[in-house]
file input-v8.txt (compact mmCIF, N, CA and C atoms)
# COMPACT_ATOMS: atom_id res chain seq x y z
N GLY A 25 -17.17 -16.71 4.77
CA GLY A 25 -16.32 -15.81 5.51
C GLY A 25 -16.03 -14.54 4.73
N HIS A 26 -15.23 -13.71 5.33
CA HIS A 26 -14.85 -12.44 4.71
C HIS A 26 -14.13 -12.63 3.38
N ASP A 27 -13.42 -13.75 3.25
CA ASP A 27 -12.66 -13.97 2.02
C ASP A 27 -13.55 -14.28 0.82
N GLN A 28 -14.83 -14.49 1.03
CA GLN A 28 -15.76 -14.77 -0.06
C GLN A 28 -16.59 -13.55 -0.44
N SER A 29 -16.44 -12.47 0.29
CA SER A 29 -17.25 -11.28 0.05
C SER A 29 -16.85 -10.60 -1.26
N ASP A 30 -17.82 -9.95 -1.90
CA ASP A 30 -17.57 -9.20 -3.13
C ASP A 30 -17.24 -7.74 -2.86
N GLU A 31 -17.26 -7.36 -1.61
CA GLU A 31 -16.92 -5.98 -1.26
C GLU A 31 -15.87 -5.97 -0.16
N ILE A 32 -15.17 -4.87 -0.05
CA ILE A 32 -14.12 -4.75 0.94
C ILE A 32 -14.74 -4.62 2.32
N VAL A 33 -14.27 -5.45 3.24
CA VAL A 33 -14.73 -5.42 4.62
C VAL A 33 -13.53 -5.08 5.50
N VAL A 34 -13.65 -4.05 6.30
CA VAL A 34 -12.60 -3.64 7.23
C VAL A 34 -12.98 -4.20 8.60
N PHE A 35 -12.04 -4.87 9.25
CA PHE A 35 -12.32 -5.40 10.58
C PHE A 35 -11.07 -5.36 11.44
N ARG A 36 -11.26 -5.48 12.74
CA ARG A 36 -10.17 -5.46 13.72
C ARG A 36 -10.03 -6.87 14.29
N PRO A 37 -8.94 -7.56 13.99
CA PRO A 37 -8.77 -8.94 14.46
C PRO A 37 -8.36 -9.01 15.93
N GLY A 38 -9.31 -9.28 16.79
CA GLY A 38 -9.01 -9.42 18.21
C GLY A 38 -8.78 -8.09 18.89
N ASP A 39 -7.97 -8.11 19.91
CA ASP A 39 -7.71 -6.93 20.72
C ASP A 39 -6.41 -6.25 20.29
N VAL A 40 -6.38 -5.78 19.04
CA VAL A 40 -5.21 -5.10 18.50
C VAL A 40 -5.55 -3.65 18.18
N ASN A 41 -4.55 -2.87 17.90
CA ASN A 41 -4.76 -1.45 17.65
C ASN A 41 -4.61 -1.12 16.16
N TRP A 42 -5.05 -2.01 15.29
CA TRP A 42 -4.99 -1.77 13.85
C TRP A 42 -6.11 -2.53 13.15
N ASN A 43 -6.43 -2.08 11.96
CA ASN A 43 -7.49 -2.71 11.16
C ASN A 43 -6.88 -3.53 10.05
N THR A 44 -7.65 -4.43 9.52
CA THR A 44 -7.25 -5.21 8.35
C THR A 44 -8.43 -5.31 7.40
N VAL A 45 -8.17 -5.77 6.19
CA VAL A 45 -9.25 -5.92 5.21
C VAL A 45 -9.29 -7.37 4.73
N ASN A 46 -10.35 -7.73 4.06
CA ASN A 46 -10.62 -9.11 3.69
C ASN A 46 -10.02 -9.53 2.34
N VAL A 47 -8.80 -9.10 2.05
CA VAL A 47 -8.11 -9.55 0.85
C VAL A 47 -6.70 -9.99 1.21
N ASP A 48 -6.17 -10.94 0.47
CA ASP A 48 -4.82 -11.45 0.69
C ASP A 48 -3.93 -10.97 -0.45
N THR A 49 -3.21 -9.89 -0.21
CA THR A 49 -2.35 -9.32 -1.26
C THR A 49 -0.97 -9.96 -1.30
N THR A 50 -0.77 -11.04 -0.56
CA THR A 50 0.53 -11.70 -0.61
C THR A 50 0.65 -12.63 -1.80
N ILE A 51 -0.47 -12.95 -2.45
CA ILE A 51 -0.45 -13.87 -3.59
C ILE A 51 -1.17 -13.25 -4.78
N ARG A 52 -0.80 -13.71 -5.96
CA ARG A 52 -1.36 -13.17 -7.22
C ARG A 52 -2.89 -13.22 -7.27
N PRO A 53 -3.54 -14.35 -6.96
CA PRO A 53 -5.02 -14.34 -7.01
C PRO A 53 -5.63 -13.32 -6.05
N GLY A 54 -5.01 -13.14 -4.89
CA GLY A 54 -5.51 -12.16 -3.94
C GLY A 54 -5.34 -10.73 -4.45
N ILE A 55 -4.25 -10.47 -5.14
CA ILE A 55 -4.02 -9.14 -5.73
C ILE A 55 -5.07 -8.87 -6.79
N MET A 56 -5.35 -9.87 -7.62
CA MET A 56 -6.35 -9.69 -8.67
C MET A 56 -7.74 -9.46 -8.05
N ARG A 57 -8.03 -10.16 -6.97
CA ARG A 57 -9.31 -9.95 -6.27
C ARG A 57 -9.36 -8.55 -5.69
N ALA A 58 -8.26 -8.11 -5.08
CA ALA A 58 -8.20 -6.76 -4.49
C ALA A 58 -8.37 -5.70 -5.57
N ALA A 59 -7.79 -5.92 -6.74
CA ALA A 59 -7.93 -4.96 -7.84
C ALA A 59 -9.38 -4.89 -8.30
N LYS A 60 -10.00 -6.05 -8.44
CA LYS A 60 -11.40 -6.10 -8.87
C LYS A 60 -12.31 -5.38 -7.87
N MET A 61 -11.97 -5.48 -6.58
CA MET A 61 -12.78 -4.86 -5.53
C MET A 61 -12.42 -3.38 -5.31
N GLY A 62 -11.35 -2.91 -5.96
CA GLY A 62 -10.95 -1.51 -5.81
C GLY A 62 -10.33 -1.20 -4.47
N LEU A 63 -9.47 -2.09 -3.98
CA LEU A 63 -8.86 -1.92 -2.65
C LEU A 63 -8.16 -0.58 -2.48
N VAL A 64 -7.25 -0.27 -3.37
CA VAL A 64 -6.49 0.98 -3.23
C VAL A 64 -7.40 2.19 -3.37
N GLN A 65 -8.29 2.16 -4.33
CA GLN A 65 -9.19 3.28 -4.58
C GLN A 65 -10.16 3.49 -3.41
N SER A 66 -10.40 2.45 -2.60
CA SER A 66 -11.32 2.57 -1.46
C SER A 66 -10.69 3.34 -0.29
N HIS A 67 -9.37 3.48 -0.30
CA HIS A 67 -8.63 4.18 0.77
C HIS A 67 -8.92 3.58 2.14
N THR A 68 -9.12 2.27 2.20
CA THR A 68 -9.39 1.59 3.47
C THR A 68 -8.14 1.04 4.13
N THR A 69 -7.02 1.10 3.44
CA THR A 69 -5.79 0.56 4.00
C THR A 69 -4.62 1.50 3.72
N ASP A 70 -3.69 1.54 4.64
CA ASP A 70 -2.50 2.37 4.49
C ASP A 70 -1.27 1.55 4.10
N LEU A 71 -1.34 0.25 4.29
CA LEU A 71 -0.17 -0.60 4.09
C LEU A 71 -0.61 -1.91 3.45
N ILE A 72 0.09 -2.31 2.39
CA ILE A 72 -0.20 -3.56 1.70
C ILE A 72 1.08 -4.39 1.69
N PHE A 73 0.98 -5.63 2.14
CA PHE A 73 2.10 -6.56 2.11
C PHE A 73 1.93 -7.45 0.89
N THR A 74 3.04 -7.75 0.20
CA THR A 74 2.96 -8.64 -0.95
C THR A 74 4.30 -9.31 -1.23
N MET A 75 4.21 -10.50 -1.81
CA MET A 75 5.38 -11.20 -2.33
C MET A 75 5.44 -11.01 -3.85
N GLU A 76 4.51 -10.24 -4.37
CA GLU A 76 4.40 -10.00 -5.81
C GLU A 76 4.38 -8.49 -6.09
N PRO A 77 5.48 -7.77 -5.82
CA PRO A 77 5.46 -6.31 -5.97
C PRO A 77 5.16 -5.84 -7.39
N GLN A 78 5.63 -6.54 -8.39
CA GLN A 78 5.38 -6.13 -9.77
C GLN A 78 3.90 -6.28 -10.12
N VAL A 79 3.31 -7.39 -9.74
CA VAL A 79 1.89 -7.63 -10.01
C VAL A 79 1.04 -6.61 -9.26
N ALA A 80 1.37 -6.38 -7.99
CA ALA A 80 0.62 -5.40 -7.19
C ALA A 80 0.72 -4.01 -7.82
N GLY A 81 1.91 -3.62 -8.24
CA GLY A 81 2.09 -2.31 -8.86
C GLY A 81 1.30 -2.15 -10.15
N GLU A 82 1.24 -3.20 -10.94
CA GLU A 82 0.53 -3.15 -12.22
C GLU A 82 -0.99 -3.16 -12.07
N HIS A 83 -1.49 -3.84 -11.04
CA HIS A 83 -2.94 -4.05 -10.96
C HIS A 83 -3.67 -3.27 -9.87
N LEU A 84 -2.97 -2.86 -8.83
CA LEU A 84 -3.66 -2.19 -7.72
C LEU A 84 -3.66 -0.67 -7.83
N TYR A 85 -2.63 -0.13 -8.42
CA TYR A 85 -2.45 1.33 -8.41
C TYR A 85 -2.76 1.94 -9.77
N ASP A 86 -3.06 3.24 -9.76
CA ASP A 86 -3.32 3.97 -10.99
C ASP A 86 -2.74 5.38 -10.85
N GLU A 87 -2.95 6.21 -11.85
CA GLU A 87 -2.35 7.55 -11.83
C GLU A 87 -2.89 8.43 -10.71
N PHE A 88 -4.07 8.12 -10.19
CA PHE A 88 -4.67 8.91 -9.11
C PHE A 88 -4.40 8.31 -7.74
N ASN A 89 -4.04 7.05 -7.70
CA ASN A 89 -3.77 6.33 -6.46
C ASN A 89 -2.43 5.63 -6.59
N ARG A 90 -1.39 6.39 -6.31
CA ARG A 90 -0.04 5.88 -6.48
C ARG A 90 0.47 5.32 -5.16
N GLY A 91 1.32 4.33 -5.26
CA GLY A 91 1.86 3.69 -4.06
C GLY A 91 3.34 3.97 -3.90
N ARG A 92 3.83 3.62 -2.76
CA ARG A 92 5.26 3.67 -2.47
C ARG A 92 5.68 2.28 -2.03
N ILE A 93 6.91 1.94 -2.29
CA ILE A 93 7.39 0.62 -1.89
C ILE A 93 8.42 0.77 -0.79
N LEU A 94 8.32 -0.10 0.17
CA LEU A 94 9.30 -0.20 1.24
C LEU A 94 9.79 -1.63 1.23
N ALA A 95 11.06 -1.83 1.04
CA ALA A 95 11.62 -3.18 0.98
C ALA A 95 12.69 -3.31 2.05
N LEU A 96 12.62 -4.39 2.79
CA LEU A 96 13.63 -4.70 3.81
C LEU A 96 14.41 -5.90 3.32
N PHE A 97 15.72 -5.77 3.29
CA PHE A 97 16.57 -6.84 2.81
C PHE A 97 17.56 -7.25 3.89
N ARG A 98 17.71 -8.53 4.01
CA ARG A 98 18.72 -9.06 4.91
C ARG A 98 20.07 -8.93 4.21
N HIS A 99 21.12 -8.69 4.98
CA HIS A 99 22.45 -8.59 4.38
C HIS A 99 22.75 -9.92 3.67
N PRO A 100 23.24 -9.85 2.42
CA PRO A 100 23.41 -11.09 1.64
C PRO A 100 24.37 -12.10 2.26
N ILE A 101 25.42 -11.64 2.92
CA ILE A 101 26.35 -12.57 3.56
C ILE A 101 25.68 -13.24 4.76
N ASP A 102 24.98 -12.45 5.57
CA ASP A 102 24.26 -12.99 6.72
C ASP A 102 23.23 -14.02 6.26
N ARG A 103 22.55 -13.72 5.16
CA ARG A 103 21.52 -14.62 4.63
C ARG A 103 22.10 -15.97 4.22
N VAL A 104 23.21 -15.98 3.47
CA VAL A 104 23.76 -17.26 3.01
C VAL A 104 24.44 -18.04 4.15
N VAL A 105 25.04 -17.34 5.11
CA VAL A 105 25.63 -18.03 6.26
C VAL A 105 24.52 -18.72 7.06
N SER A 106 23.43 -18.00 7.27
CA SER A 106 22.29 -18.59 7.97
C SER A 106 21.75 -19.80 7.21
N LYS A 107 21.68 -19.68 5.90
CA LYS A 107 21.20 -20.79 5.07
C LYS A 107 22.13 -22.00 5.22
N PHE A 108 23.43 -21.78 5.25
CA PHE A 108 24.42 -22.85 5.41
C PHE A 108 24.13 -23.65 6.68
N TYR A 109 23.97 -22.96 7.80
CA TYR A 109 23.72 -23.65 9.06
C TYR A 109 22.32 -24.26 9.13
N TYR A 110 21.34 -23.56 8.63
CA TYR A 110 19.95 -24.03 8.67
C TYR A 110 19.78 -25.33 7.89
N LEU A 111 20.31 -25.38 6.67
CA LEU A 111 20.09 -26.54 5.82
C LEU A 111 20.88 -27.78 6.25
N GLN A 112 21.76 -27.64 7.22
CA GLN A 112 22.45 -28.80 7.80
C GLN A 112 21.52 -29.61 8.69
N THR A 113 20.50 -28.95 9.24
CA THR A 113 19.62 -29.62 10.21
C THR A 113 18.15 -29.66 9.79
N ALA A 114 17.77 -28.94 8.78
CA ALA A 114 16.36 -28.82 8.38
C ALA A 114 15.91 -30.01 7.55
N THR A 115 15.69 -31.13 8.21
CA THR A 115 15.34 -32.37 7.52
C THR A 115 14.02 -32.27 6.75
N TRP A 116 13.16 -31.34 7.12
CA TRP A 116 11.85 -31.17 6.47
C TRP A 116 11.94 -30.38 5.17
N GLU A 117 13.07 -29.78 4.88
CA GLU A 117 13.23 -28.97 3.67
C GLU A 117 13.64 -29.85 2.49
N LYS A 118 13.13 -29.52 1.30
CA LYS A 118 13.54 -30.24 0.09
C LYS A 118 15.02 -30.04 -0.19
N THR A 119 15.55 -28.92 0.26
CA THR A 119 16.95 -28.58 0.00
C THR A 119 17.86 -28.95 1.18
N TYR A 120 17.42 -29.83 2.06
CA TYR A 120 18.20 -30.32 3.21
C TYR A 120 19.56 -30.82 2.74
N ARG A 121 20.62 -30.38 3.42
CA ARG A 121 21.99 -30.75 3.04
C ARG A 121 22.78 -31.25 4.26
N PRO A 122 22.57 -32.49 4.69
CA PRO A 122 23.29 -32.99 5.87
C PRO A 122 24.81 -33.04 5.66
N GLU A 123 25.24 -33.17 4.41
CA GLU A 123 26.68 -33.22 4.13
C GLU A 123 27.39 -31.92 4.45
N TRP A 124 26.64 -30.81 4.51
CA TRP A 124 27.25 -29.53 4.84
C TRP A 124 27.74 -29.49 6.30
N ALA A 125 27.20 -30.34 7.15
CA ALA A 125 27.60 -30.37 8.57
C ALA A 125 29.06 -30.76 8.72
N GLU A 126 29.61 -31.44 7.71
CA GLU A 126 31.01 -31.87 7.77
C GLU A 126 31.97 -30.80 7.25
N LEU A 127 31.44 -29.70 6.74
CA LEU A 127 32.26 -28.62 6.18
C LEU A 127 32.39 -27.46 7.16
N THR A 128 33.51 -26.77 7.09
CA THR A 128 33.60 -25.48 7.79
C THR A 128 32.93 -24.44 6.90
N ILE A 129 32.62 -23.31 7.47
CA ILE A 129 32.00 -22.25 6.68
C ILE A 129 32.94 -21.79 5.55
N LEU A 130 34.24 -21.78 5.79
CA LEU A 130 35.20 -21.38 4.75
C LEU A 130 35.25 -22.41 3.62
N GLU A 131 35.21 -23.70 3.96
CA GLU A 131 35.20 -24.73 2.92
C GLU A 131 33.93 -24.61 2.07
N TRP A 132 32.80 -24.40 2.73
CA TRP A 132 31.53 -24.27 2.02
C TRP A 132 31.53 -23.03 1.11
N ALA A 133 32.09 -21.94 1.61
CA ALA A 133 32.11 -20.68 0.84
C ALA A 133 32.96 -20.79 -0.42
N GLN A 134 33.93 -21.69 -0.42
CA GLN A 134 34.78 -21.85 -1.59
C GLN A 134 34.16 -22.75 -2.66
N LYS A 135 33.06 -23.41 -2.33
CA LYS A 135 32.38 -24.26 -3.30
C LYS A 135 31.56 -23.39 -4.26
N PRO A 136 31.30 -23.87 -5.48
CA PRO A 136 30.44 -23.11 -6.40
C PRO A 136 29.04 -22.94 -5.77
N SER A 137 28.49 -21.76 -5.90
CA SER A 137 27.19 -21.47 -5.28
C SER A 137 26.06 -21.55 -6.29
N GLU A 138 24.96 -22.14 -5.85
CA GLU A 138 23.75 -22.18 -6.65
C GLU A 138 22.68 -21.32 -5.97
N ASP A 139 23.11 -20.42 -5.10
CA ASP A 139 22.17 -19.63 -4.32
C ASP A 139 21.37 -18.67 -5.20
N GLU A 140 20.08 -18.59 -4.92
CA GLU A 140 19.18 -17.68 -5.62
C GLU A 140 18.52 -16.78 -4.58
N ASN A 141 18.50 -15.51 -4.83
CA ASN A 141 17.81 -14.58 -3.93
C ASN A 141 16.44 -14.32 -4.53
N PHE A 142 15.45 -15.03 -4.01
CA PHE A 142 14.08 -15.01 -4.51
C PHE A 142 13.51 -13.60 -4.66
N MET A 143 13.59 -12.79 -3.62
CA MET A 143 12.95 -11.47 -3.66
C MET A 143 13.67 -10.52 -4.61
N VAL A 144 14.97 -10.57 -4.67
CA VAL A 144 15.69 -9.70 -5.61
C VAL A 144 15.30 -10.06 -7.04
N ARG A 145 15.20 -11.34 -7.34
CA ARG A 145 14.77 -11.76 -8.68
C ARG A 145 13.36 -11.24 -8.97
N LYS A 146 12.47 -11.29 -7.98
CA LYS A 146 11.10 -10.78 -8.14
C LYS A 146 11.12 -9.29 -8.45
N LEU A 147 11.89 -8.54 -7.69
CA LEU A 147 11.89 -7.08 -7.84
C LEU A 147 12.41 -6.62 -9.19
N VAL A 148 13.34 -7.37 -9.76
CA VAL A 148 13.89 -6.97 -11.06
C VAL A 148 13.17 -7.65 -12.22
N GLY A 149 12.12 -8.42 -11.90
CA GLY A 149 11.30 -9.03 -12.94
C GLY A 149 11.91 -10.23 -13.62
N LYS A 150 12.85 -10.92 -12.95
CA LYS A 150 13.46 -12.12 -13.55
C LYS A 150 12.69 -13.35 -13.12
N SER A 151 12.70 -14.36 -13.98
CA SER A 151 12.01 -15.60 -13.67
C SER A 151 12.88 -16.47 -12.77
N PHE A 152 12.31 -17.57 -12.31
CA PHE A 152 13.02 -18.45 -11.39
C PHE A 152 13.44 -19.71 -12.08
call {"tool": "encode", "arguments": {"input": "input-v8.txt", "output": "structure tokens"}}
result
Amino acid sequence: GHDQSDEIVVFRPGDVNWNTVNVDTTIRPGIMRAAKMGLVQSHTTDLIFTMEPQVAGEHLYDEFNRGRILALFRHPIDRVVSKFYYLQTATWEKTYRPEWAELTILEWAQKPSEDENFMVRKLVGKSF
């Protein structure tokens, strides 16, 4: 398939009005593959999605091909409130917390928090 190619392949997936390329920049190995193939230097894409912004910045871009970052963040209070309700019922999650169903949101908020914001830690270069 396209994911095994040694060169960048641009294609249109189905009946959409945009193109995509044959690299997965959401993960570190995909970023390294994209760097080796010269993705940014090929000027075949206008937008790159990644969960590894620091790795992408270090390996994909250079002084002649600079990137810009756009980050969308959920409001931190909205995020943890959603997490509180979600983990009461998400039996498939390792972090499932059925005991939270017996708490009010105010009782839960007064408990010590072990919450980690994954993307903020990534952006500032902190480990997990």
call {"tool": "residues_around", "arguments": {"input": "input-v8.txt", "residues": "region 119-122 of chain A", "least_positions_apart": "6", "cutoff": "9 Å", "atoms": "only C-alpha atoms", "output": "compact mmCIF listing (two decimals) with N, CA and C atoms, keeping the file's coordinate frame"}}
result
# COMPACT_ATOMS: atom_id res chain seq x y z
N PHE A 108 23.43 -21.78 5.25
CA PHE A 108 24.42 -22.85 5.41
C PHE A 108 24.13 -23.65 6.68
N TYR A 110 21.34 -23.56 8.63
CA TYR A 110 19.95 -24.03 8.67
C TYR A 110 19.78 -25.33 7.89
N LEU A 111 20.31 -25.38 6.67
CA LEU A 111 20.09 -26.54 5.82
C LEU A 111 20.88 -27.78 6.25
N GLN A 112 21.76 -27.64 7.22
CA GLN A 112 22.45 -28.80 7.80
C GLN A 112 21.52 -29.61 8.69
N THR A 113 20.50 -28.95 9.24
CA THR A 113 19.62 -29.62 10.21
C THR A 113 18.15 -29.66 9.79
call {"tool": "residues_around", "arguments": {"input": "input-v8.txt", "residues": "Asn43 (chain A)", "least_positions_apart": "6", "cutoff": "7 Å", "atoms": "only C-alpha atoms", "output": "ChimeraX atom specification"}}
result
/A:34-36
call {"tool": "atom_distance", "arguments": {"input": "input-v8.txt", "atom1": "atom N of Gly149 (chain A)", "atom2": "atom C of Ala58 (chain A)"}}
result
21.6 Å
call {"tool": "residues_around", "arguments": {"input": "input-v8.txt", "residues": "Arg52 (chain A)", "least_positions_apart": "3", "cutoff": "8 Å", "atoms": "only N, CA and C atoms", "output": "PyMOL selection string"}}
result
chain A and resi 48-49+55-58+75-76+79-80
call {"tool": "atom_distance", "arguments": {"input": "input-v8.txt", "atom1": "atom C of Phe88 (chain A)", "atom2": "atom C of Lys146 (chain A)"}}
result
23.5 Å
call {"tool": "atom_distance", "arguments": {"input": "input-v8.txt", "atom1": "atom N of Ile32 (chain A)", "atom2": "atom N of Glu87 (chain A)"}}
result
20.3 Å
call {"tool": "closest_residue", "arguments": {"input": "input-v8.txt", "among": "A:Pro100, A:Pro37, A:Glu126, A:Thr50", "to": "Pro77 (chain A)", "atoms": "all atoms listed in the file"}}
result
A:Thr50
call {"tool": "select_by_dssp", "arguments": {"input": "input-v8.txt", "residues": "region 92-146 of chain A", "states": "helix (DSSP H, G or I)", "output": "list in words"}}
result
Pro100, Ile101, Asp102, Arg103, Val104, Val105, Ser106, Lys107, Phe108, Tyr109, Tyr110, Leu111, Gln112, Thr113, Pro122, Glu123, Trp124, Ala125, Glu126, Ile129, Leu130, Glu131, Trp132, Ala133, Phe142, Met143, Val144, Arg145 and Lys146 of chain A
call {"tool": "closest_residue", "arguments": {"input": "input-v8.txt", "among": "A:Val144, A:Val47, A:Val64, A:Ala125", "to": "Arg98 (chain A)", "atoms": "only C-alpha atoms"}}
result
A:Val144
call {"tool": "closest_residue", "arguments": {"input": "input-v8.txt", "among": "A:Glu82, A:Glu123, A:Val104, A:Val33", "to": "Thr69 (chain A)", "atoms": "only C-alpha atoms"}}
result
A:Val33
call {"tool": "select_by_dssp", "arguments": {"input": "input-v8.txt", "residues": "chain A", "states": "strand (DSSP E)", "output": "mmCIF file with N, CA and C atoms, in the frame of the given file"}}
result
data_model
loop_
_atom_site.group_PDB
_atom_site.id
_atom_site.type_symbol
_atom_site.label_atom_id
_atom_site.label_comp_id
_atom_site.auth_asym_id
_atom_site.auth_seq_id
_atom_site.Cartn_x
_atom_site.Cartn_y
_atom_site.Cartn_z
ATOM 1 N N VAL A 34 -13.650 -4.050 6.300
ATOM 2 C CA VAL A 34 -12.600 -3.640 7.230
ATOM 3 C C VAL A 34 -12.980 -4.200 8.600
ATOM 4 N N PHE A 35 -12.040 -4.870 9.250
ATOM 5 C CA PHE A 35 -12.320 -5.400 10.580
ATOM 6 C C PHE A 35 -11.070 -5.360 11.440
ATOM 7 N N THR A 44 -7.650 -4.430 9.520
ATOM 8 C CA THR A 44 -7.250 -5.210 8.350
ATOM 9 C C THR A 44 -8.430 -5.310 7.400
ATOM 10 N N VAL A 45 -8.170 -5.770 6.190
ATOM 11 C CA VAL A 45 -9.250 -5.920 5.210
ATOM 12 C C VAL A 45 -9.290 -7.370 4.730
#
